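The block underneath contains the structure these notes are about, expressed in C-alpha cells.
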Amino acid sequence: MKVTKAVIPAAGLGTRVLPASKAVPKEMLNIVDKPAIQYLVEEAAAAGITDILIITGRNKNVIEDHFDYAYELEQKLLANPSKKPMYDSVHGVADLANIHYIRQKETKGLGHAILQAKAFVGNEPFAVLYGDDVIISEEPVVAQLCRAFEKYGKSCVGVKECTREQVKKYCTLDVSPLDGNVMSCHKIIEKPTEEEIMSLYAILGRNVLTPDVFELIENTPVSEKGGEVYLTDALSYLAEHDGLTAVDFVGKRYDMGDKLGIMQANCEVALTHPEIGDKFKAYIKELAATL
Ligand code: UTP
C-alpha cells in the first residue's frame with residue numbers, strides 16, 4: 001500500500017537549545033535560509049507524501065504561519081520583477097503538501113505525540129519524521145523507508161550506527177541482516193545502560209509505521225526512566241512479536257535539537273549553498289588557518 005500520509009511531531013520543549021527555543025520553536029531554527037521543519041516537509045513531499053500532520057503545542061503558532069500564504073509580503077515581492085524568484089520560494093512553501101495541525105496539550109513524550117495522529121492516520125501506513133532531525137540525502141530517507149516497507153510489509157525504522165555515548169542517549173537495536181542496508185530488528189531498548197547495548201544501531205529520525213502501533217502506544221505505560229511515553233516501547237513490541245524492518249539509510253542527519261548539531265547543519269549546508277557556498281568556503285579556510 002502506498003504511503004501518502006506523514007506525521008511530524010514538533011511539540012517538544014527543546015530544553016537542550018534554550019534560550020533559543022524559549023519563544024521560537026526549535027523546529028523553526030534555521031539552516032542557512034530555511035527553518036528545519038521546511039527541510040522535513042520538502043523531504044516528505046519529494047517522497048510522494050501528500051498529507052502531513054504536524055503535532056504542535058503552545059508557542060508553536062509560527063509553524064502554521066510559515067506554511068501559509070503571506071499576502072502583504074508576497075504582494076510586495078511580486079511588485080518588483082527582480083524579486084520574482086524570492087516570491088516563488090516564499091509562496092511555494094505553502095503549496096508543498098496539505099498540512100494539518102493538532103496540538104499535543106501536554107509534552108508527555110514522542111509516543112504520546114504520535115498518538116495524537118490516530119484519527120488523521122486512520123487505517124493506513126504512515127511516515128514519521130522527528131521534527132528536529134534534518135537529513136540531507138539524494139533520495140529522501142522517507143522514500144528509502146517506504147521502499148523497504150513495500151518490500152517486506154512490516155513497520156520500518158531508519159537507523160544509523162552511532163557512538164556508544166549516543167546509543168546510551170538514544171536506543172540500541174538487536175538486528176540481523178536481510179538485504180544490503182536492510183535488516184530485521186528483533187528488540188529495541190531505549191536509553192540502554194552500558195551492559196544493555198546490543199548493537200551500535202540507533203533509530204534516528206524516520207519511521208514508516210502501520211496503524212496497529214496506536215493500540216500499542218495506548219498500552220505503553222509512562223517510562224520509569226524518563227517519565228515519558230516512549231515510542232520505542234511500542235516499536236520494541238512490534239520487533240519482538242510482528243517483525244520490524246530497520247534501514248541503515250543513506251543520508252547525513254543533523255540533530256537540530258542540539259547546539260552542536262545546529263552549527264554542523266548550518267556549516268555543511270552553507271558550504272554547498274548556491275548563493276553563499278563559495279564565499280563561505282573561502283571564509284572557513286581563512287578561519288581554519290587561524291585555529
Ligand atoms: P526530543 O526528545 O528530541 O524533543 O523529541 P524535546 O523533548 O523537545 O527535547 P529536549 O527538551 O531538548 O530534550 C524528538 C521530536 O519529538 C517532538 C519534539 O518536538 C522533537 O521534534 N516531541 C517530543 C513532541 O512532539 N512531543 C513530546 O512530548 C516530546
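Following the order of the C-alpha cells, first chain is A, next is B, and so on, with residues numbered from 1 inside each chain and ligands from 1 in the order they appear.
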
Can you tell me which residues sit at most 7 Å away from ligand 1, counting only C-alpha atoms and all ligand atoms, written as a compact mmCIF listing (two decimals) with N, CA, C and O atoms, in the first residue's frame?
# COMPACT_ATOMS: atom_id res chain seq x y z
N PRO A 9 6.14 15.09 14.60
CA PRO A 9 5.99 15.55 15.98
C PRO A 9 6.90 16.76 16.21
O PRO A 9 8.11 16.68 16.00
N ALA A 10 6.30 17.86 16.63
CA ALA A 10 7.08 19.09 16.81
C ALA A 10 6.61 19.86 18.04
O ALA A 10 6.62 21.08 18.08
N ALA A 11 6.19 19.10 19.06
CA ALA A 11 5.61 19.76 20.24
C ALA A 11 6.58 19.81 21.42
O ALA A 11 6.25 20.37 22.46
N GLY A 12 7.78 19.24 21.25
CA GLY A 12 8.73 19.16 22.38
C GLY A 12 9.17 20.54 22.86
O GLY A 12 9.05 21.53 22.15
N LEU A 13 9.71 20.57 24.07
CA LEU A 13 10.08 21.86 24.68
C LEU A 13 11.45 22.34 24.25
O LEU A 13 11.78 23.51 24.44
N GLY A 14 12.24 21.46 23.69
CA GLY A 14 13.55 21.87 23.17
C GLY A 14 14.47 22.41 24.24
O GLY A 14 15.19 23.39 24.05
N THR A 15 14.52 21.72 25.39
CA THR A 15 15.30 22.26 26.52
C THR A 15 16.81 22.27 26.24
O THR A 15 17.53 23.05 26.85
N ARG A 16 17.25 21.43 25.30
CA ARG A 16 18.70 21.38 25.03
C ARG A 16 19.19 22.59 24.25
O ARG A 16 20.38 22.81 24.14
N VAL A 17 18.27 23.34 23.66
CA VAL A 17 18.73 24.51 22.89
C VAL A 17 18.15 25.82 23.44
O VAL A 17 18.04 26.80 22.73
N GLU A 27 12.05 23.60 16.02
CA GLU A 27 11.80 23.14 14.64
C GLU A 27 11.83 24.31 13.66
O GLU A 27 11.89 24.12 12.45
N ILE A 55 2.38 17.84 14.69
CA ILE A 55 1.94 17.87 16.09
C ILE A 55 2.59 19.09 16.73
O ILE A 55 3.82 19.14 16.85
N THR A 56 1.78 20.06 17.11
CA THR A 56 2.34 21.29 17.66
C THR A 56 1.94 21.41 19.14
O THR A 56 1.36 20.50 19.71
N GLN A 104 -0.55 18.77 20.86
CA GLN A 104 -0.34 17.85 21.97
C GLN A 104 -0.42 18.73 23.22
O GLN A 104 0.44 19.60 23.41
N GLU A 106 -0.09 18.22 26.41
CA GLU A 106 0.96 18.06 27.43
C GLU A 106 2.13 17.36 26.75
O GLU A 106 1.91 16.41 26.00
N THR A 107 3.34 17.80 27.05
CA THR A 107 4.51 17.15 26.41
C THR A 107 4.88 15.89 27.19
O THR A 107 5.75 15.90 28.05
N LYS A 108 4.20 14.82 26.82
CA LYS A 108 4.40 13.55 27.54
C LYS A 108 5.24 12.57 26.74
O LYS A 108 5.10 11.36 26.90
N GLY A 109 6.02 13.08 25.80
CA GLY A 109 6.94 12.20 25.09
C GLY A 109 6.52 11.91 23.65
O GLY A 109 5.40 12.19 23.24
N LEU A 110 7.48 11.33 22.92
CA LEU A 110 7.29 11.09 21.48
C LEU A 110 6.12 10.12 21.21
O LEU A 110 5.33 10.34 20.29
N HIS A 112 3.44 9.60 23.02
CA HIS A 112 2.20 10.34 23.28
C HIS A 112 1.93 11.33 22.15
O HIS A 112 0.77 11.53 21.74
N ALA A 113 2.98 11.94 21.61
CA ALA A 113 2.81 12.89 20.49
C ALA A 113 2.25 12.16 19.27
O ALA A 113 1.29 12.61 18.64
N TYR A 130 10.83 12.89 12.74
CA TYR A 130 11.01 13.59 14.02
C TYR A 130 11.37 15.05 13.70
O TYR A 130 12.29 15.32 12.92
N GLY A 131 10.63 15.96 14.36
CA GLY A 131 10.67 17.37 13.98
C GLY A 131 12.02 18.05 14.06
O GLY A 131 12.24 19.07 13.41
N ASP A 132 12.94 17.49 14.83
CA ASP A 132 14.24 18.17 14.95
C ASP A 132 15.37 17.39 14.26
O ASP A 132 16.54 17.70 14.44
N GLY A 257 18.00 19.65 17.59
CA GLY A 257 17.63 19.87 18.98
C GLY A 257 18.86 19.96 19.85
O GLY A 257 18.78 19.88 21.07

Point to revise | Close residues, range 67-84 of chain A itself excluded, 7 Å, only C-alpha atoms, min 5 positions apart in chain, as JSON, numbers by chain | key: {"A": [91, 93, 94]}

Would you give me, as a Markdown table, each residue of range 40-119 of chain A having an atom within 7 Å of an atom of range 214-222 of chain A, along with its shortest atom pair and that distance in Å to one decimal, using only C-alpha atoms and sorting by chain and residue number?
| residue | atom | partner | partner_atom | distance |
| --- | --- | --- | --- | --- |
| A:Gly111 | CA | A:Ile217 | CA | 6.2 |
| A:Leu115 | CA | A:Phe214 | CA | 6.1 |
| A:Lys118 | CA | A:Phe214 | CA | 6.6 |

Write the residues of the selection above to a file with N, CA and C atoms, as an mmCIF file, in the first residue's frame.
data_model
loop_
_atom_site.group_PDB
_atom_site.id
_atom_site.type_symbol
_atom_site.label_atom_id
_atom_site.label_comp_id
_atom_site.auth_asym_id
_atom_site.auth_seq_id
_atom_site.Cartn_x
_atom_site.Cartn_y
_atom_site.Cartn_z
ATOM 1 N N GLY A 111 6.010 9.057 22.029
ATOM 2 C CA GLY A 111 4.916 8.099 21.843
ATOM 3 C C GLY A 111 3.571 8.794 21.993
ATOM 4 N N LEU A 115 0.520 9.507 19.202
ATOM 5 C CA LEU A 115 -0.862 9.080 19.479
ATOM 6 C C LEU A 115 -1.879 10.131 19.030
ATOM 7 N N LYS A 118 -3.768 9.598 15.631
ATOM 8 C CA LYS A 118 -4.574 8.386 15.393
ATOM 9 C C LYS A 118 -5.736 8.641 14.412
#

Check your understanding: Skipping near chain neighbours, those fewer than 5 positions away, what residues fall within 6 Å of Pro125 in chain A using only C-alpha atoms, listed as a list in words?
Key -> Val3, Leu209, Thr210 and Pro211 of chain A

Just the helix (DSSP H, G or I) stuff from range 194-232 of chain A, please, per backbone DSSP, written as a PDB file with C-alpha atoms, in the first residue's frame.
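Final output, saved to result-v4.pdb:
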ATOM      1  CA  GLU A 194      26.465   0.034  29.022  1.00  0.00           C
ATOM      2  CA  GLU A 195      25.599  -3.643  29.699  1.00  0.00           C
ATOM      3  CA  GLU A 196      22.303  -3.441  27.770  1.00  0.00           C
ATOM      4  CA  VAL A 213       1.166   0.973  16.581  1.00  0.00           C
ATOM      5  CA  PHE A 214      -1.518   3.209  18.147  1.00  0.00           C
ATOM      6  CA  GLU A 215      -3.007   0.422  20.267  1.00  0.00           C
ATOM      7  CA  LEU A 216       0.496  -0.500  21.395  1.00  0.00           C
ATOM      8  CA  ILE A 217       1.222   3.115  22.395  1.00  0.00           C
ATOM      9  CA  GLU A 218      -2.099   3.295  24.259  1.00  0.00           C
ATOM     10  CA  LEU A 231       7.581   5.325  21.070  1.00  0.00           C
ATOM     11  CA  THR A 232      10.451   2.865  21.364  1.00  0.00           C
TER      12      THR A 232
END

Hey, what's within 9 Å of range 160-165 of chain A if we count only C-alpha atoms and toss same-chain stuff fewer than 6 positions away? As an mmCIF file with all heavy atoms, in the first residue's frame, please?
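Here's the written file part-v8.cif:
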data_model
loop_
_atom_site.group_PDB
_atom_site.id
_atom_site.type_symbol
_atom_site.label_atom_id
_atom_site.label_comp_id
_atom_site.auth_asym_id
_atom_site.auth_seq_id
_atom_site.Cartn_x
_atom_site.Cartn_y
_atom_site.Cartn_z
ATOM 1 N N GLU A 194 25.320 0.591 29.753
ATOM 2 C CA GLU A 194 26.465 0.034 29.022
ATOM 3 C C GLU A 194 26.247 -1.474 28.775
ATOM 4 O O GLU A 194 26.472 -1.967 27.673
ATOM 5 C CB GLU A 194 27.741 0.287 29.848
ATOM 6 C CG GLU A 194 29.037 -0.240 29.248
ATOM 7 C CD GLU A 194 29.430 0.427 27.933
ATOM 8 O OE1 GLU A 194 29.200 1.644 27.785
ATOM 9 O OE2 GLU A 194 29.950 -0.291 27.048
ATOM 10 N N ILE A 197 23.651 -2.578 25.890
ATOM 11 C CA ILE A 197 23.867 -2.246 24.471
ATOM 12 C C ILE A 197 23.951 -3.537 23.631
ATOM 13 O O ILE A 197 24.777 -4.404 23.888
ATOM 14 C CB ILE A 197 25.144 -1.385 24.286
ATOM 15 C CG1 ILE A 197 24.935 -0.012 24.944
ATOM 16 C CG2 ILE A 197 25.474 -1.206 22.799
ATOM 17 C CD1 ILE A 197 26.127 0.920 24.869
ATOM 18 N N SER A 199 23.688 -3.407 19.928
ATOM 19 C CA SER A 199 24.461 -3.031 18.745
ATOM 20 C C SER A 199 24.576 -1.519 18.790
ATOM 21 O O SER A 199 23.921 -0.861 19.609
ATOM 22 C CB SER A 199 23.738 -3.449 17.453
ATOM 23 O OG SER A 199 22.672 -2.542 17.190
ATOM 24 N N LEU A 200 25.396 -0.968 17.901
ATOM 25 C CA LEU A 200 25.529 0.496 17.899
ATOM 26 C C LEU A 200 24.498 1.151 16.981
ATOM 27 O O LEU A 200 24.534 2.353 16.759
ATOM 28 C CB LEU A 200 26.950 0.895 17.502
ATOM 29 C CG LEU A 200 28.023 0.494 18.530
ATOM 30 C CD1 LEU A 200 29.393 0.984 18.082
ATOM 31 C CD2 LEU A 200 27.703 1.043 19.918
ATOM 32 N N TYR A 201 23.579 0.344 16.431
ATOM 33 C CA TYR A 201 22.500 0.934 15.630
ATOM 34 C C TYR A 201 21.463 1.581 16.554
ATOM 35 O O TYR A 201 21.035 0.972 17.536
ATOM 36 C CB TYR A 201 21.807 -0.134 14.776
ATOM 37 C CG TYR A 201 22.604 -0.540 13.564
ATOM 38 C CD1 TYR A 201 23.153 -1.819 13.472
ATOM 39 C CD2 TYR A 201 22.808 0.353 12.508
ATOM 40 C CE1 TYR A 201 23.894 -2.199 12.360
ATOM 41 C CE2 TYR A 201 23.544 -0.018 11.399
ATOM 42 C CZ TYR A 201 24.084 -1.287 11.329
ATOM 43 O OH TYR A 201 24.811 -1.655 10.229
ATOM 44 N N ALA A 202 21.095 2.817 16.210
ATOM 45 C CA ALA A 202 20.014 3.502 16.938
ATOM 46 C C ALA A 202 19.042 4.068 15.918
ATOM 47 O O ALA A 202 19.413 4.347 14.771
ATOM 48 C CB ALA A 202 20.603 4.616 17.801
ATOM 49 N N ILE A 203 17.795 4.231 16.355
ATOM 50 C CA ILE A 203 16.778 4.809 15.463
ATOM 51 C C ILE A 203 17.009 6.311 15.399
ATOM 52 O O ILE A 203 17.074 6.981 16.420
ATOM 53 C CB ILE A 203 15.354 4.527 15.995
ATOM 54 C CG1 ILE A 203 15.122 3.021 16.100
ATOM 55 C CG2 ILE A 203 14.302 5.179 15.100
ATOM 56 C CD1 ILE A 203 13.815 2.636 16.771
ATOM 57 N N LEU A 204 17.134 6.824 14.178
ATOM 58 C CA LEU A 204 17.358 8.262 14.023
ATOM 59 C C LEU A 204 16.329 8.878 13.085
ATOM 60 O O LEU A 204 16.432 8.771 11.869
ATOM 61 C CB LEU A 204 18.767 8.539 13.476
ATOM 62 C CG LEU A 204 19.940 8.219 14.405
ATOM 63 C CD1 LEU A 204 21.243 8.623 13.759
ATOM 64 C CD2 LEU A 204 19.802 8.912 15.748
ATOM 65 N N VAL A 247 16.298 0.113 8.371
ATOM 66 C CA VAL A 247 17.054 0.524 7.179
ATOM 67 C C VAL A 247 18.196 1.439 7.606
ATOM 68 O O VAL A 247 17.961 2.483 8.222
ATOM 69 C CB VAL A 247 16.141 1.280 6.178
ATOM 70 C CG1 VAL A 247 16.948 1.762 4.980
ATOM 71 C CG2 VAL A 247 14.993 0.391 5.721
ATOM 72 N N ASP A 248 19.424 1.007 7.296
ATOM 73 C CA ASP A 248 20.596 1.861 7.540
ATOM 74 C C ASP A 248 20.605 2.883 6.395
ATOM 75 O O ASP A 248 21.215 2.675 5.358
ATOM 76 C CB ASP A 248 21.855 0.973 7.534
ATOM 77 C CG ASP A 248 23.111 1.755 7.871
ATOM 78 O OD1 ASP A 248 23.021 2.984 8.083
ATOM 79 O OD2 ASP A 248 24.191 1.127 7.890
ATOM 80 N N PHE A 249 19.877 3.975 6.587
ATOM 81 C CA PHE A 249 19.593 4.891 5.479
ATOM 82 C C PHE A 249 20.839 5.619 4.976
ATOM 83 O O PHE A 249 21.829 5.760 5.696
ATOM 84 C CB PHE A 249 18.491 5.888 5.869
ATOM 85 C CG PHE A 249 18.818 6.783 7.036
ATOM 86 C CD1 PHE A 249 19.642 7.884 6.896
ATOM 87 C CD2 PHE A 249 18.283 6.519 8.290
ATOM 88 C CE1 PHE A 249 19.931 8.705 7.966
ATOM 89 C CE2 PHE A 249 18.563 7.338 9.376
ATOM 90 C CZ PHE A 249 19.399 8.437 9.215
ATOM 91 N N VAL A 250 20.744 6.060 3.722
ATOM 92 C CA VAL A 250 21.844 6.823 3.120
ATOM 93 C C VAL A 250 21.484 8.295 3.249
ATOM 94 O O VAL A 250 20.489 8.764 2.684
ATOM 95 C CB VAL A 250 22.015 6.453 1.631
ATOM 96 C CG1 VAL A 250 23.181 7.239 1.021
ATOM 97 C CG2 VAL A 250 22.212 4.949 1.469
#

Exercise for review: Find the residues around Val141 in chain A up to 9 Å (only C-alpha atoms counted), leave out those fewer than 6 positions away in its own chain, and share them as a ChimeraX atom specification.
Suggested key: /A:43-44,47,135,158,206,249-251

Residues from last step as file, C-alpha atoms, as a CSV table (one decimal), in the first residue's frame:
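In the end it all went to again29.csv:
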chain,number,residue,atom,x,y,z
A,43,GLU,CA,11.6,15.6,2.1
A,44,ALA,CA,8.2,14.1,2.7
A,47,ALA,CA,8.9,11.1,-1.3
A,135,ILE,CA,18.5,14.5,7.0
A,158,GLY,CA,15.5,4.4,9.9
A,206,ARG,CA,12.4,8.5,10.4
A,249,PHE,CA,19.6,4.9,5.5
A,250,VAL,CA,21.8,6.8,3.1
A,251,GLY,CA,22.0,10.5,4.2

**Study point:** Point-to-point distance from CA of Tyr170 in chain A to CA of Glu190 in chain A, Å rounded to tenths
**Key:**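 Calculated distance between CA of Tyr170 in chain A and CA of Glu190 in chain A is 6.2 Å.
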
**Study point:** Atomic separation - CA of Cys267 in chain A relative to CA of Leu96 in chain A, Å
**Key:**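 CA of Leu96 in chain A sits 25.7 Å away from CA of Cys267 in chain A.
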
Practice item. Write down as a VMD selection string the residues belonging to range 66-204 of chain A that are assigned strand (DSSP E or B) by DSSP computed on the backbone. Key: chain A and resid 98 to 103 126 to 129 133 to 136 156 to 161 171 to 179 182 to 190 201 to 204

Practice item. Have a look at A:His66, A:Lys187, A:Lys5, A:Lys252 and name the one nearest to Pro35 in chain A; count only C-alpha atoms. Key: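 Closest to Pro35 in chain A of all the choices is A:His66.
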
Point to revise | Selection near range 273-286 of chain A, 10 Å with only C-alpha atoms, sequence-local residues under 5 positions removed, as a PyMOL selection string | key: chain A and resi 32-33+267-268+291

Keeping only C-alpha atoms, write those residues as a CSV table (one decimal), in the first residue's frame.
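Written out: result-v2.csv:
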chain,number,residue,atom,x,y,z
A,32,VAL,CA,21.1,28.9,6.3
A,33,ASP,CA,17.9,30.3,4.9
A,267,CYS,CA,28.2,25.0,8.3
A,268,GLU,CA,27.8,22.0,6.0
A,291,LEU,CA,42.8,27.8,14.7

Practice item. Select, from A:Ile8, A:Val90, A:Ile188, A:Leu271, the residue with the minimum atom-to-atom distance to Asp174 in chain A, counting only C-alpha atoms. Key: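 Of all the options, A:Ile188 lies closest to Asp174 in chain A.
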
Check your understanding: From the set A:Ala46, A:Asn181, A:Gly261, A:Thr4, which residue has the shortest atom-to-atom contact distance to Glu139 in chain A, counting only C-alpha atoms?
Key ->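 Closest candidate: A:Ala46.
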
Practice item. Point out the residue among A:Gln166, A:Asn207, A:Ser155, A:Asn98 with the least atom-to-atom distance to Ala143 in chain A, counting only C-alpha atoms. Key: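 The closest residue to Ala143 in chain A is A:Asn207.
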
Check your understanding: So, counting only C-alpha atoms, which residue among A:Pro140, A:Pro192, A:Pro25, A:Gly243 is closest to Asn59 in chain A?
Key ->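 Of A:Pro140, A:Pro192, A:Pro25, A:Gly243, the one nearest Asn59 in chain A is A:Pro25, counting only C-alpha atoms.
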
Point to revise | Pairwise distance for CA of Gln264 in chain A and CA of Leu129 in chain A, rounded to one decimal in Å | key: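 Distance reported for this atom pair: 19.7 Å.
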